[in-house]
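S.K.: target-v9.txt (compact mmCIF, C-alpha atoms and all ligand atoms) pasted underneath:
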# COMPACT_ATOMS: atom_id res chain seq x y z
CA MET A 495 -24.91 15.50 13.09
CA SER A 496 -24.70 12.14 11.41
CA LEU A 497 -23.69 12.07 7.75
CA PHE A 498 -24.33 8.34 7.44
CA LYS A 499 -27.67 8.36 9.22
CA ASN A 500 -29.08 5.00 8.25
CA LEU A 501 -25.81 3.17 8.53
CA PRO A 502 -25.01 1.44 11.82
CA GLU A 503 -21.82 0.57 13.65
CA ILE A 504 -20.48 -2.54 11.96
CA LYS A 505 -20.13 -5.52 14.28
CA TYR A 506 -18.71 -9.01 13.95
CA GLU A 507 -21.53 -11.54 13.52
CA GLY A 508 -19.60 -14.59 12.27
CA PRO A 509 -19.47 -16.52 8.98
CA LYS A 510 -23.14 -17.56 9.06
CA SER A 511 -24.44 -14.00 9.21
CA ARG A 512 -26.37 -12.81 6.16
CA ASN A 513 -26.43 -9.22 7.35
CA PRO A 514 -24.72 -7.13 4.65
CA LEU A 515 -23.73 -4.60 7.30
CA ALA A 516 -21.82 -7.00 9.56
CA PHE A 517 -18.37 -8.57 9.54
CA LYS A 518 -18.33 -12.29 8.82
CA TYR A 519 -14.61 -12.89 9.52
CA TYR A 520 -13.11 -9.67 10.87
CA ASP A 521 -13.29 -10.00 14.64
CA ALA A 522 -11.10 -7.11 15.85
CA GLU A 523 -10.47 -8.48 19.35
CA ARG A 524 -9.80 -12.12 18.41
CA VAL A 525 -6.28 -13.08 19.41
CA ILE A 526 -4.10 -14.88 16.87
CA TYR A 527 -0.48 -15.74 17.69
CA GLY A 528 -0.69 -13.52 20.77
CA LYS A 529 -1.87 -10.45 18.85
CA LYS A 530 -5.34 -9.05 18.28
CA MET A 531 -6.68 -9.32 14.76
CA LYS A 532 -6.89 -5.52 14.58
CA ASP A 533 -3.16 -5.31 15.32
CA HIS A 534 -2.26 -7.85 12.65
CA LEU A 535 -4.51 -5.95 10.28
CA LYS A 536 -3.97 -2.23 10.82
CA PHE A 537 -6.57 -1.17 8.27
CA ALA A 538 -6.57 2.38 6.98
CA MET A 539 -9.03 4.53 5.08
CA ALA A 540 -7.66 6.36 2.02
CA TRP A 541 -9.00 9.92 2.14
CA TRP A 542 -8.87 10.25 -1.64
CA HIS A 543 -10.98 7.29 -2.69
CA ASN A 544 -13.35 7.16 0.21
CA LEU A 545 -14.10 10.81 0.83
CA SER A 546 -13.23 12.51 -2.46
CA ALA A 547 -13.66 10.21 -5.47
CA THR A 548 -17.11 10.11 -7.02
CA GLY A 549 -16.59 7.53 -9.74
CA GLN A 550 -15.80 10.04 -12.47
CA ASP A 551 -14.04 8.51 -15.48
CA MET A 552 -13.04 9.77 -18.93
CA PHE A 553 -16.43 8.77 -20.30
CA GLY A 554 -18.64 10.46 -17.75
CA PRO A 555 -18.99 12.35 -14.49
CA GLY A 556 -19.15 10.90 -11.02
CA THR A 557 -22.13 8.90 -9.84
CA ALA A 558 -21.56 9.05 -6.08
CA ASP A 559 -22.52 12.05 -3.96
CA LYS A 560 -19.62 12.93 -1.67
CA SER A 561 -20.72 16.48 -0.96
CA PHE A 562 -21.75 15.64 2.60
CA GLY A 563 -24.17 18.56 2.51
CA GLU A 564 -21.65 21.24 1.47
CA GLU A 565 -20.51 22.85 -1.76
CA VAL A 566 -17.64 20.82 -3.23
CA GLY A 567 -14.39 22.78 -3.48
CA THR A 568 -14.98 24.91 -0.37
CA MET A 569 -13.39 24.74 3.07
CA ALA A 570 -16.83 23.94 4.50
CA HIS A 571 -16.76 20.84 2.30
CA ALA A 572 -13.22 20.01 3.46
CA ARG A 573 -14.49 20.09 7.07
CA ALA A 574 -17.56 18.03 6.17
CA LYS A 575 -15.22 15.40 4.70
CA VAL A 576 -13.38 15.27 8.02
CA ASP A 577 -16.70 14.77 9.83
CA ALA A 578 -17.73 12.08 7.35
CA GLY A 579 -14.34 10.38 7.56
CA PHE A 580 -14.36 10.20 11.34
CA GLU A 581 -17.94 8.93 11.50
CA PHE A 582 -17.08 6.34 8.84
CA MET A 583 -13.90 5.15 10.58
CA GLN A 584 -15.65 4.96 13.93
CA LYS A 585 -18.57 2.97 12.58
CA LEU A 586 -16.23 0.48 10.92
CA GLY A 587 -13.71 0.33 13.76
CA LEU A 588 -10.93 1.64 11.50
CA GLU A 589 -8.03 3.09 13.46
CA TYR A 590 -5.94 4.61 10.66
CA PHE A 591 -6.20 6.95 7.69
CA CYS A 592 -3.92 8.03 4.84
CA PHE A 593 -4.05 11.27 2.88
CA HIS A 594 -2.55 13.43 0.12
CA ASP A 595 -2.31 17.16 0.84
CA VAL A 596 -4.88 17.95 -1.87
CA ASP A 597 -7.35 15.37 -0.51
CA LEU A 598 -7.67 17.46 2.64
CA VAL A 599 -8.28 20.90 1.14
CA PRO A 600 -8.93 22.47 -2.24
CA GLU A 601 -5.73 24.08 -3.56
CA GLY A 602 -5.66 27.85 -2.99
CA LYS A 603 -4.62 30.54 -5.48
CA ASP A 604 -1.00 30.15 -4.37
CA LEU A 605 1.10 28.04 -2.01
CA GLU A 606 0.59 30.44 0.87
CA GLU A 607 -3.17 30.11 0.74
CA THR A 608 -3.00 26.32 0.35
CA HIS A 609 -0.67 26.13 3.34
CA GLN A 610 -3.06 28.23 5.46
CA ARG A 611 -5.90 25.91 4.52
CA LEU A 612 -3.81 22.89 5.43
CA ASP A 613 -3.01 24.43 8.83
CA GLU A 614 -6.70 24.98 9.45
CA ILE A 615 -7.85 21.51 8.40
CA THR A 616 -5.07 19.67 10.24
CA ASP A 617 -6.04 21.59 13.42
CA TYR A 618 -9.57 20.33 12.88
CA ILE A 619 -8.46 16.74 12.19
CA LYS A 620 -6.27 16.81 15.29
CA SER A 621 -9.19 17.95 17.42
CA LYS A 622 -11.31 15.08 16.03
CA MET A 623 -8.54 12.54 16.73
CA ALA A 624 -8.32 13.52 20.40
CA GLY A 625 -9.89 10.89 22.63
CA THR A 626 -10.27 8.37 19.78
CA PRO A 627 -7.94 5.51 18.80
CA ILE A 628 -7.74 6.99 15.27
CA LYS A 629 -4.24 7.66 13.98
CA CYS A 630 -2.54 8.72 10.76
CA LEU A 631 -0.85 5.78 9.02
CA TRP A 632 0.86 7.91 6.41
CA GLY A 633 0.69 11.13 4.52
CA THR A 634 1.88 12.13 1.07
CA ALA A 635 1.90 15.02 -1.38
CA ASN A 636 0.08 14.86 -4.67
CA LEU A 637 2.96 15.65 -7.02
CA PHE A 638 1.28 14.36 -10.16
CA GLY A 639 -2.17 15.89 -10.67
CA ASN A 640 -1.55 19.58 -11.31
CA PRO A 641 -0.57 20.34 -14.94
CA ARG A 642 2.77 21.74 -13.73
CA TYR A 643 3.76 18.14 -12.97
CA MET A 644 3.23 16.96 -16.56
CA ASN A 645 6.92 16.03 -16.76
CA GLY A 646 7.15 14.80 -13.19
CA ALA A 647 8.08 16.54 -9.94
CA GLY A 648 11.49 15.29 -8.78
CA SER A 649 12.17 14.29 -12.40
CA SER A 650 10.89 17.50 -13.96
CA ASN A 651 13.06 19.29 -16.50
CA SER A 652 12.08 22.59 -14.83
CA ILE A 653 13.81 23.81 -11.66
CA ASP A 654 10.75 25.97 -10.89
CA VAL A 655 8.51 22.91 -10.86
CA TYR A 656 11.14 21.06 -8.80
CA CYS A 657 11.08 23.83 -6.17
CA HIS A 658 7.28 23.92 -6.15
CA ALA A 659 7.32 20.17 -5.52
CA ALA A 660 9.80 20.72 -2.68
CA ALA A 661 7.44 23.28 -1.09
CA GLN A 662 4.49 20.91 -1.33
CA LEU A 663 6.60 18.05 -0.01
CA LYS A 664 7.84 20.09 2.95
CA LYS A 665 4.32 21.09 3.90
CA ALA A 666 2.99 17.54 3.50
CA ILE A 667 5.73 16.29 5.84
CA ASP A 668 4.76 19.06 8.31
CA CYS A 669 1.11 17.94 8.18
CA THR A 670 2.05 14.26 8.54
CA VAL A 671 4.21 14.97 11.58
CA LYS A 672 1.56 17.25 13.09
CA LEU A 673 -0.99 14.43 12.78
CA GLY A 674 1.43 11.91 14.30
CA GLY A 675 1.78 10.03 10.99
CA GLN A 676 3.73 6.78 11.18
CA GLY A 677 4.97 6.93 7.60
CA TYR A 678 5.47 9.21 4.62
CA VAL A 679 4.91 7.88 1.09
CA PHE A 680 6.47 8.75 -2.26
CA TRP A 681 4.43 7.42 -5.12
CA GLY A 682 6.13 8.57 -8.32
CA GLY A 683 3.06 8.90 -10.48
CA ARG A 684 4.76 10.97 -13.13
CA GLU A 685 8.35 10.19 -12.16
CA GLY A 686 9.12 8.40 -15.37
CA TYR A 687 9.04 9.24 -19.04
CA GLU A 688 7.11 8.89 -22.26
CA THR A 689 10.05 8.85 -24.69
CA LEU A 690 13.82 8.56 -24.28
CA LEU A 691 14.18 10.98 -27.19
CA ASN A 692 13.64 13.91 -24.80
CA THR A 693 14.86 12.34 -21.56
CA ASP A 694 18.08 12.31 -19.55
CA MET A 695 17.26 9.32 -17.36
CA LYS A 696 20.34 9.53 -15.15
CA PHE A 697 19.84 13.25 -14.49
CA GLU A 698 16.18 12.66 -13.58
CA GLN A 699 16.89 9.77 -11.24
CA GLU A 700 19.65 11.73 -9.48
CA ASN A 701 17.27 14.64 -8.97
CA ILE A 702 14.56 12.39 -7.52
CA ALA A 703 17.12 10.93 -5.11
CA ALA A 704 18.27 14.43 -4.11
CA LEU A 705 14.68 15.46 -3.35
CA MET A 706 14.19 12.32 -1.27
CA ARG A 707 17.42 13.00 0.62
CA MET A 708 16.23 16.54 1.38
CA ALA A 709 12.88 15.14 2.55
CA VAL A 710 14.63 12.72 4.92
CA ASP A 711 16.90 15.46 6.30
CA TYR A 712 13.96 17.80 6.80
CA GLY A 713 11.70 15.13 8.31
CA ARG A 714 14.35 14.02 10.78
CA SER A 715 15.09 17.66 11.67
CA ILE A 716 11.48 18.18 12.80
CA GLY A 717 11.32 14.93 14.75
CA PHE A 718 9.80 12.47 12.27
CA THR A 719 10.92 9.02 13.39
CA GLY A 720 8.70 6.94 11.10
CA ASP A 721 9.56 5.30 7.79
CA PHE A 722 9.65 6.94 4.41
CA TYR A 723 8.23 4.68 1.74
CA ILE A 724 8.52 4.32 -2.00
CA GLU A 725 5.36 2.86 -3.50
CA PRO A 726 6.41 0.99 -6.66
CA LYS A 727 4.25 1.06 -9.79
CA PRO A 728 5.37 0.18 -13.31
CA LYS A 729 3.15 2.45 -15.42
CA GLU A 730 0.05 4.63 -15.43
CA PRO A 731 -0.02 7.52 -15.77
CA MET A 732 3.49 7.46 -17.32
CA LYS A 733 4.48 4.82 -19.82
CA HIS A 734 7.70 4.03 -17.96
CA GLN A 735 7.85 4.74 -14.24
CA TYR A 736 11.20 4.66 -12.45
CA ASP A 737 9.81 2.83 -9.38
CA PHE A 738 8.74 -0.10 -11.56
CA ASP A 739 8.50 -2.78 -8.88
CA ALA A 740 9.95 -3.73 -5.50
CA ALA A 741 13.28 -4.95 -6.91
CA THR A 742 13.81 -1.83 -9.01
CA SER A 743 12.91 0.48 -6.12
CA ILE A 744 15.26 -1.32 -3.72
CA ALA A 745 18.11 -1.01 -6.21
CA PHE A 746 17.37 2.73 -6.54
CA LEU A 747 17.30 3.25 -2.75
CA ARG A 748 20.60 1.42 -2.33
CA GLN A 749 22.22 3.21 -5.25
CA TYR A 750 21.54 6.58 -3.63
CA GLY A 751 22.11 5.58 0.00
CA LEU A 752 18.46 6.03 0.97
CA ASP A 753 17.88 2.48 2.16
CA ARG A 754 18.28 3.24 5.86
CA ASP A 755 15.37 5.69 5.93
CA PHE A 756 13.11 4.14 3.31
CA LYS A 757 11.05 1.00 3.07
CA LEU A 758 8.43 0.02 0.52
CA ASN A 759 4.68 0.43 0.45
CA ILE A 760 3.58 -2.51 -1.69
CA GLU A 761 0.28 -2.15 -3.53
CA ALA A 762 -1.37 -5.33 -4.81
CA ASN A 763 -2.67 -3.81 -8.02
CA HIS A 764 0.73 -2.25 -8.81
CA ALA A 765 2.53 -5.57 -8.37
CA THR A 766 0.14 -7.24 -10.80
CA LEU A 767 0.52 -4.39 -13.30
CA ALA A 768 4.27 -5.08 -13.18
CA GLY A 769 3.57 -8.68 -14.20
CA HIS A 770 4.16 -10.06 -10.70
CA THR A 771 1.85 -11.50 -8.12
CA PHE A 772 1.11 -9.44 -5.01
CA GLU A 773 2.95 -12.03 -2.90
CA HIS A 774 6.00 -11.82 -5.18
CA ASP A 775 6.55 -8.14 -4.44
CA LEU A 776 5.85 -8.69 -0.75
CA ARG A 777 8.51 -11.43 -0.71
CA VAL A 778 11.06 -9.30 -2.58
CA ALA A 779 10.51 -6.45 -0.10
CA ALA A 780 10.60 -8.78 2.91
CA ILE A 781 13.79 -10.67 2.04
CA ASN A 782 15.54 -7.32 1.58
CA GLY A 783 14.32 -5.99 4.93
CA MET A 784 12.22 -3.42 3.10
CA LEU A 785 8.63 -4.48 3.75
CA GLY A 786 7.05 -1.41 5.31
CA SER A 787 3.38 -1.06 4.53
CA VAL A 788 0.73 -2.29 2.11
CA ASP A 789 -1.88 -0.72 -0.14
CA ALA A 790 -4.59 -3.35 0.00
CA ASN A 791 -6.64 -3.66 -3.16
CA GLN A 792 -6.86 -5.82 -6.26
CA GLY A 793 -6.88 -5.36 -10.02
CA ASP A 794 -8.77 -7.16 -12.73
CA ASP A 795 -6.84 -9.80 -14.67
CA MET A 796 -8.67 -8.88 -17.84
CA LEU A 797 -7.94 -5.16 -17.67
CA GLY A 798 -4.47 -3.70 -18.03
CA TRP A 799 -4.93 -0.74 -15.70
CA ASP A 800 -5.10 0.24 -12.07
CA THR A 801 -8.69 -0.53 -11.13
CA ASP A 802 -8.10 -0.20 -7.35
CA GLN A 803 -10.86 -2.63 -6.39
CA PHE A 804 -11.66 -3.72 -2.87
CA PRO A 805 -9.90 -7.04 -2.25
CA SER A 806 -12.22 -10.03 -2.56
CA ASN A 807 -9.84 -12.76 -3.72
CA VAL A 808 -9.16 -14.85 -0.63
CA TYR A 809 -6.57 -16.98 -2.42
CA SER A 810 -4.54 -13.80 -2.89
CA THR A 811 -5.14 -12.35 0.60
CA THR A 812 -4.12 -15.72 2.10
CA LEU A 813 -0.83 -15.83 0.21
CA ALA A 814 -0.25 -12.15 1.04
CA MET A 815 -0.90 -12.67 4.75
CA LEU A 816 1.43 -15.68 4.67
CA GLU A 817 4.21 -13.40 3.42
CA ILE A 818 3.36 -10.75 6.01
CA LEU A 819 3.27 -13.24 8.91
CA ARG A 820 6.56 -14.79 7.81
CA ALA A 821 8.09 -11.33 7.67
CA GLY A 822 7.07 -10.81 11.31
CA GLY A 823 4.18 -8.46 10.51
CA LEU A 824 4.08 -4.89 9.26
CA ARG A 825 5.35 -1.80 11.03
CA GLY A 826 2.97 0.02 8.70
CA GLY A 827 -0.53 -1.20 7.94
CA LEU A 828 -3.05 -2.16 5.27
CA ASN A 829 -4.38 0.91 3.55
CA PHE A 830 -7.46 0.35 1.41
CA ASP A 831 -6.32 2.19 -1.68
CA ALA A 832 -9.59 0.97 -3.15
CA LYS A 833 -12.75 2.45 -4.54
CA ASN A 834 -16.27 1.29 -5.23
CA ARG A 835 -17.17 0.43 -8.82
CA ARG A 836 -18.93 3.33 -10.55
CA PRO A 837 -22.41 1.75 -10.35
CA SER A 838 -21.95 1.14 -6.59
CA TYR A 839 -22.67 4.76 -5.81
CA THR A 840 -24.48 4.83 -2.46
CA HIS A 841 -23.13 5.52 1.01
CA GLN A 842 -24.04 1.96 1.94
CA ASP A 843 -21.76 0.78 -0.89
CA MET A 844 -18.88 2.64 0.79
CA PHE A 845 -19.48 0.59 3.93
CA GLU A 846 -19.89 -2.65 2.00
CA GLY A 847 -16.61 -2.05 0.15
CA PHE A 848 -14.73 -1.85 3.43
CA ILE A 849 -16.60 -4.80 4.92
CA LEU A 850 -15.58 -6.87 1.88
CA GLY A 851 -11.94 -5.77 2.10
CA MET A 852 -11.66 -6.24 5.86
CA ASP A 853 -13.33 -9.64 5.76
CA SER A 854 -11.17 -10.76 2.84
CA PHE A 855 -7.98 -9.91 4.74
CA ALA A 856 -9.32 -11.37 8.00
CA LEU A 857 -10.08 -14.61 6.19
CA GLY A 858 -6.65 -14.41 4.54
CA LEU A 859 -5.06 -14.11 7.97
CA ILE A 860 -7.06 -17.05 9.35
CA LYS A 861 -6.19 -19.22 6.36
CA ALA A 862 -2.51 -18.19 6.35
CA VAL A 863 -2.30 -19.30 9.99
CA ALA A 864 -4.02 -22.56 9.01
CA LEU A 865 -1.42 -23.12 6.28
CA ILE A 866 1.40 -22.55 8.76
CA GLU A 867 -0.23 -24.90 11.28
CA ASP A 868 -0.86 -27.49 8.57
CA GLY A 869 2.89 -27.43 7.98
CA ARG A 870 2.98 -29.32 4.69
CA ILE A 871 4.11 -26.38 2.59
CA ASP A 872 6.90 -25.28 4.94
CA GLN A 873 8.00 -28.88 5.33
CA PHE A 874 8.16 -29.37 1.57
CA VAL A 875 10.19 -26.22 1.02
CA LYS A 876 12.60 -27.23 3.78
CA GLU A 877 13.12 -30.68 2.31
CA ARG A 878 13.49 -29.28 -1.18
CA TYR A 879 16.82 -27.70 -0.25
CA ALA A 880 17.96 -30.51 2.03
CA SER A 881 20.85 -31.48 -0.26
CA PHE A 882 22.63 -28.33 0.96
CA ASP A 883 22.47 -29.74 4.46
CA SER A 884 25.96 -31.20 4.16
CA GLU A 885 29.49 -30.09 4.82
CA LEU A 886 29.94 -28.84 1.29
CA GLY A 887 26.49 -27.22 1.35
CA ARG A 888 27.40 -25.30 4.48
CA LYS A 889 30.68 -24.21 2.89
CA ILE A 890 28.79 -22.87 -0.16
CA ARG A 891 26.29 -21.06 2.05
CA ALA A 892 29.13 -19.51 4.04
CA GLY A 893 30.75 -18.26 0.82
CA LYS A 894 33.83 -20.41 1.46
CA ALA A 895 33.65 -22.91 -1.39
CA THR A 896 35.66 -22.73 -4.60
CA LEU A 897 34.71 -23.57 -8.14
CA GLU A 898 37.55 -26.10 -8.24
CA GLU A 899 36.16 -28.21 -5.39
CA LEU A 900 32.61 -28.10 -6.71
CA SER A 901 33.85 -29.15 -10.10
CA LYS A 902 35.82 -32.02 -8.52
CA LYS A 903 32.71 -33.25 -6.67
CA ALA A 904 30.64 -33.15 -9.87
CA VAL A 905 33.26 -34.99 -11.89
CA GLN A 906 33.64 -37.65 -9.18
CA ALA A 907 29.87 -38.12 -8.93
CA GLY A 908 29.72 -39.05 -12.60
CA ASN A 909 26.08 -38.96 -13.53
CA THR A 910 24.43 -35.93 -11.82
CA PRO A 911 21.00 -36.96 -10.45
CA LEU A 912 17.88 -34.89 -11.21
CA PRO A 913 17.03 -32.31 -8.51
CA GLY A 914 13.70 -33.80 -7.32
CA SER A 915 10.14 -32.90 -8.24
CA GLY A 916 8.86 -29.37 -7.57
CA LYS A 917 5.44 -30.90 -6.79
CA GLN A 918 3.51 -27.77 -7.69
CA GLU A 919 0.24 -29.64 -8.25
CA TYR A 920 0.49 -31.36 -4.88
CA LEU A 921 1.14 -27.99 -3.17
CA GLU A 922 -1.77 -26.31 -4.93
CA GLY A 923 -3.94 -29.17 -3.72
CA VAL A 924 -2.74 -28.56 -0.16
CA ILE A 925 -3.80 -24.91 -0.46
CA ASN A 926 -7.24 -25.94 -1.73
CA SER A 927 -7.68 -28.41 1.09
CA VAL A 928 -6.74 -25.78 3.70
CA LEU A 929 -8.90 -23.09 2.06
CA PHE A 930 -11.97 -25.18 1.31
CA GLY A 931 -11.58 -28.45 3.19
CA GLY A 932 -13.73 -27.30 6.10
C1 LIG B 1 -1.84 5.54 -7.49
C2 LIG B 1 -1.29 5.36 -6.16
C3 LIG B 1 -1.52 6.51 -5.18
C4 LIG B 1 -0.60 6.40 -4.00
C5 LIG B 1 -0.49 7.64 -3.19
O1 LIG B 1 -1.87 4.63 -8.31
O2 LIG B 1 -1.80 4.15 -5.67
O3 LIG B 1 -2.85 6.57 -4.81
O4 LIG B 1 -0.97 5.36 -3.15
O5 LIG B 1 -0.07 8.72 -3.95
CA CA B 2 -3.41 2.02 -7.40
CA CA B 3 -1.50 3.26 -3.71
Could you render the structure as structure tokens?
Ligand code: XLS
Ligand code: CA
Ligand code: CA
M.R.:
Amino acid sequence: MSLFKNLPEIKYEGPKSRNPLAFKYYDAERVIYGKKMKDHLKFAMAWWHNLSATGQDMFGPGTADKSFGEEVGTMAHARAKVDAGFEFMQKLGLEYFCFHDVDLVPEGKDLEETHQRLDEITDYIKSKMAGTPIKCLWGTANLFGNPRYMNGAGSSNSIDVYCHAAAQLKKAIDCTVKLGGQGYVFWGGREGYETLLNTDMKFEQENIAALMRMAVDYGRSIGFTGDFYIEPKPKEPMKHQYDFDAATSIAFLRQYGLDRDFKLNIEANHATLAGHTFEHDLRVAAINGMLGSVDANQGDDMLGWDTDQFPSNVYSTTLAMLEILRAGGLRGGLNFDAKNRRPSYTHQDMFEGFILGMDSFALGLIKAVALIEDGRIDQFVKERYASFDSELGRKIRAGKATLEELSKKAVQAGNTPLPGSGKQEYLEGVINSVLFGG
């Protein structure tokens, strides 16, 4: 039975197409640098936004009907969401999905009942995956929604809450492994604090690290070979979150010896909330060997919160894809942690959201390749550091120079010349010419 009856399979029709239900740029089979577009862009559907969220906000209830013909909050509804999800992914040619434990099933009266429900639904999901190219990109546990997590999960002051989180985490890893998940995400929604007056920051961070260490040990013990990820975010819901941005999260992972098993899942809207660009956090992750996966969305410059919009800004997707290509691609993928705006409440809007996001990243990929082929930006950056291309420069780069010899060179040189123009305006013009020059 079709749950999206009037919605077709979405095909590539090219940039001139005016069909709202067709891809204009995303051509899954097109080969770029020896790899199909769909393998550069391993798009994933987020179970929570796409199949669960109805547009509810603090001023009013949801506007979108995601009941899929069943009573919300029942196991029949959980199964209907699986049916809807698979039909949706197949119609859009999506090959990956991501989930939280509580996106899959309604929580039971206790952990035992919830675990039984998860066993049942993951059996069902597995049966739907068979014979399709659909795979699990990553799983996670929702350790922030239930009131027991008001003070965090790994950072909670209560050992009972900490153990409950461990039980949820263990089961979410089981489900991820059962579904062949390639990654496991920690997003520390409430792993932070509201006021230092009641907080032992060091104690909390050590406890989070201990929980992550236990998760790695358990995951490896049951055969999980994928990456664990931290997903940085500076704030919301907590005022201060410990995984503020890529740099902070990398320092944390190294501090606690978790950097061999963890990488980062960089979300565009979280980077911008931290006061960075999306490409900044991608670069920080990449140069530290920590770029794992991406949550593809965008925020709104005029709003200070996590709006999780479908990406439409091609300037941003181009610069993001440039970082990803330079990093040699992603072992993870591009998960649309994105939701329709509240007034876009129809099933067709769900399709159009994904078409927008997939086309924006496909165009970003095409334009990033064009920037690389154009060569002017790479050439400029190379020349900008050319003064280090000397014997002394090589000594500095090799860590073999001394302050005394640098000082001697400077004194001998007399008047130190200026370092050369940064030519930002020229470079921005190059980007415009590649993006819009036809
Ligand atoms: C919330 C986060 C969350 C994670 C998974 O802001 O983006 O959805 O991706 O827990
Ligand atoms: Ca978000
Ligand atoms: Ca996210």
S.K.: Please write out, as lines of an AutoDock Vina configuration file, where the centre of an axis-aligned box around all listed atoms of ligand LIG 1 (chain B) lies and how long its edges are, in Å to one decimal, after adding 4 Å on each side.
M.R.:
center_x = -1.5
center_y = 6.4
center_z = -5.7
size_x = 10.8
size_y = 12.6
size_z = 13.2
S.K.: Select the residues contacting ligand CA 2 (chain B) at a distance of at most 6 Å, based on all atoms listed in the file, then format the selection as number ranges by chain.
M.R.: A: 763, 800, 802
S.K.: So which residues touch Ala703 (chain A) within 12 Å, counting only C-alpha atoms, skipping near sequence neighbours fewer than 3 positions away, as a list in words?
M.R.: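 Near Ala703 (chain A), the qualifying residues are Ala647, Gly648, Ser649, Phe680, Gly682, Glu685, Lys696, Phe697, Glu698, Gln699, Glu700, Met706, Arg707, Met708, Ala709, Val710, Ile724, Tyr736, Asp737, Ser743, Phe746, Leu747, Arg748, Gln749, Tyr750, Gly751, Leu752, Asp753 and Phe756 of chain A.
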S.K.: Using only C-alpha atoms and all ligand atoms, pick whichever of A:Met583, A:Ala762, A:Ala574, A:Leu497 has the shortest atom-to-atom distance to ligand CA 3 (chain B).
M.R.: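 So, comparing all the options, the nearest one is A:Ala762.
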S.K.: Hey, which residues sit close to ligand CA 3 (chain B)? Say within 6 Å, counting all atoms listed in the file, and write them as a PyMOL selection string.
M.R.: chain A and resi 761+789+831
S.K.: For the residues in the current selection, export C-alpha atoms as a PDB file, keeping the file's coordinate frame.
M.R.:
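The resulting out-v2.pdb:
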ATOM      1  CA  GLU A 761       0.280  -2.150  -3.530  1.00  0.00           C
ATOM      2  CA  ASP A 789      -1.880  -0.720  -0.140  1.00  0.00           C
ATOM      3  CA  ASP A 831      -6.320   2.190  -1.680  1.00  0.00           C
TER       4      ASP A 831
END
S.K.: So, with all atoms listed in the file as the atoms that count, which of A:Val905, A:Leu758, A:Ile866, A:Val566 lies closest to ligand LIG 1 (chain B)?
M.R.: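 Distance minimum relative to ligand LIG 1 (chain B) lands on A:Leu758.
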S.K.: Collect all residues with atoms no farther than 10 Å from ligand LIG 1 (chain B), counting only C-alpha atoms and all ligand atoms, and output them as a ChimeraX atom specification.
M.R.: /A:540-543,592-595,632-638,678-683,724-731,759-764,788-791,799-802,829-832
S.K.: Neighbours of Tyr590 (chain A) within 6 Å (only C-alpha atoms; same-chain residues fewer than 2 positions away dropped), as a list in words?
M.R.: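 My reading of the contact set: Ala538, Leu588, Ile628, Lys629, Cys630 and Leu631 of chain A.
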S.K.: If you keep C-alpha atoms, can you produce a file of those selected residues as a JSON list (two decimals), keeping the file's coordinate frame?
M.R.:
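Full text of part_10.json as output:
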[["chain", "number", "residue", "atom", "x", "y", "z"],
["A", 538, "ALA", "CA", -6.57, 2.38, 6.98],
["A", 588, "LEU", "CA", -10.93, 1.64, 11.50],
["A", 628, "ILE", "CA", -7.74, 6.99, 15.27],
["A", 629, "LYS", "CA", -4.24, 7.66, 13.98],
["A", 630, "CYS", "CA", -2.54, 8.72, 10.76],
["A", 631, "LEU", "CA", -0.85, 5.78, 9.02]]
S.K.: For a cut-off of 9 Å around (-11.1, 28.1, 0.5), file coordinates, pick out all residues using only C-alpha atoms and list them as a PyMOL selection string.
M.R.: chain A and resi 567-570+572+599-602+607-608+611
S.K.: Between CA of Ala779 (chain A) and CA of Arg524 (chain A), what distance in Å does the model show, to one decimal?
M.R.: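 If I compute the distance from CA of Ala779 (chain A) to CA of Arg524 (chain A), I get 28.1 Å.
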S.K.: CA of Lys876 (chain A) and CA of Ile860 (chain A), how far apart in Å?
M.R.: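 For CA of Ile860 (chain A) relative to CA of Lys876 (chain A), the distance reads 22.8 Å.
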S.K.: If you measure from CA of Leu886 (chain A) to CA of Leu900 (chain A), what distance in Å do you get, rounded to one decimal?
M.R.: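 So the answer is 8.5 Å.
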S.K.: What lies within 10 Å of Thr626 (chain A) using only C-alpha atoms, ignoring chain neighbours under 2 positions off, as a list in words?
M.R.: Phe580, Gln584, Glu589, Ser621, Lys622, Met623, Ala624, Ile628 and Lys629 of chain A
S.K.: A:Arg888, A:Met796, A:Leu929, A:Glu899: which is nearest Asp868 (chain A), counting only C-alpha atoms?
M.R.: A:Leu929
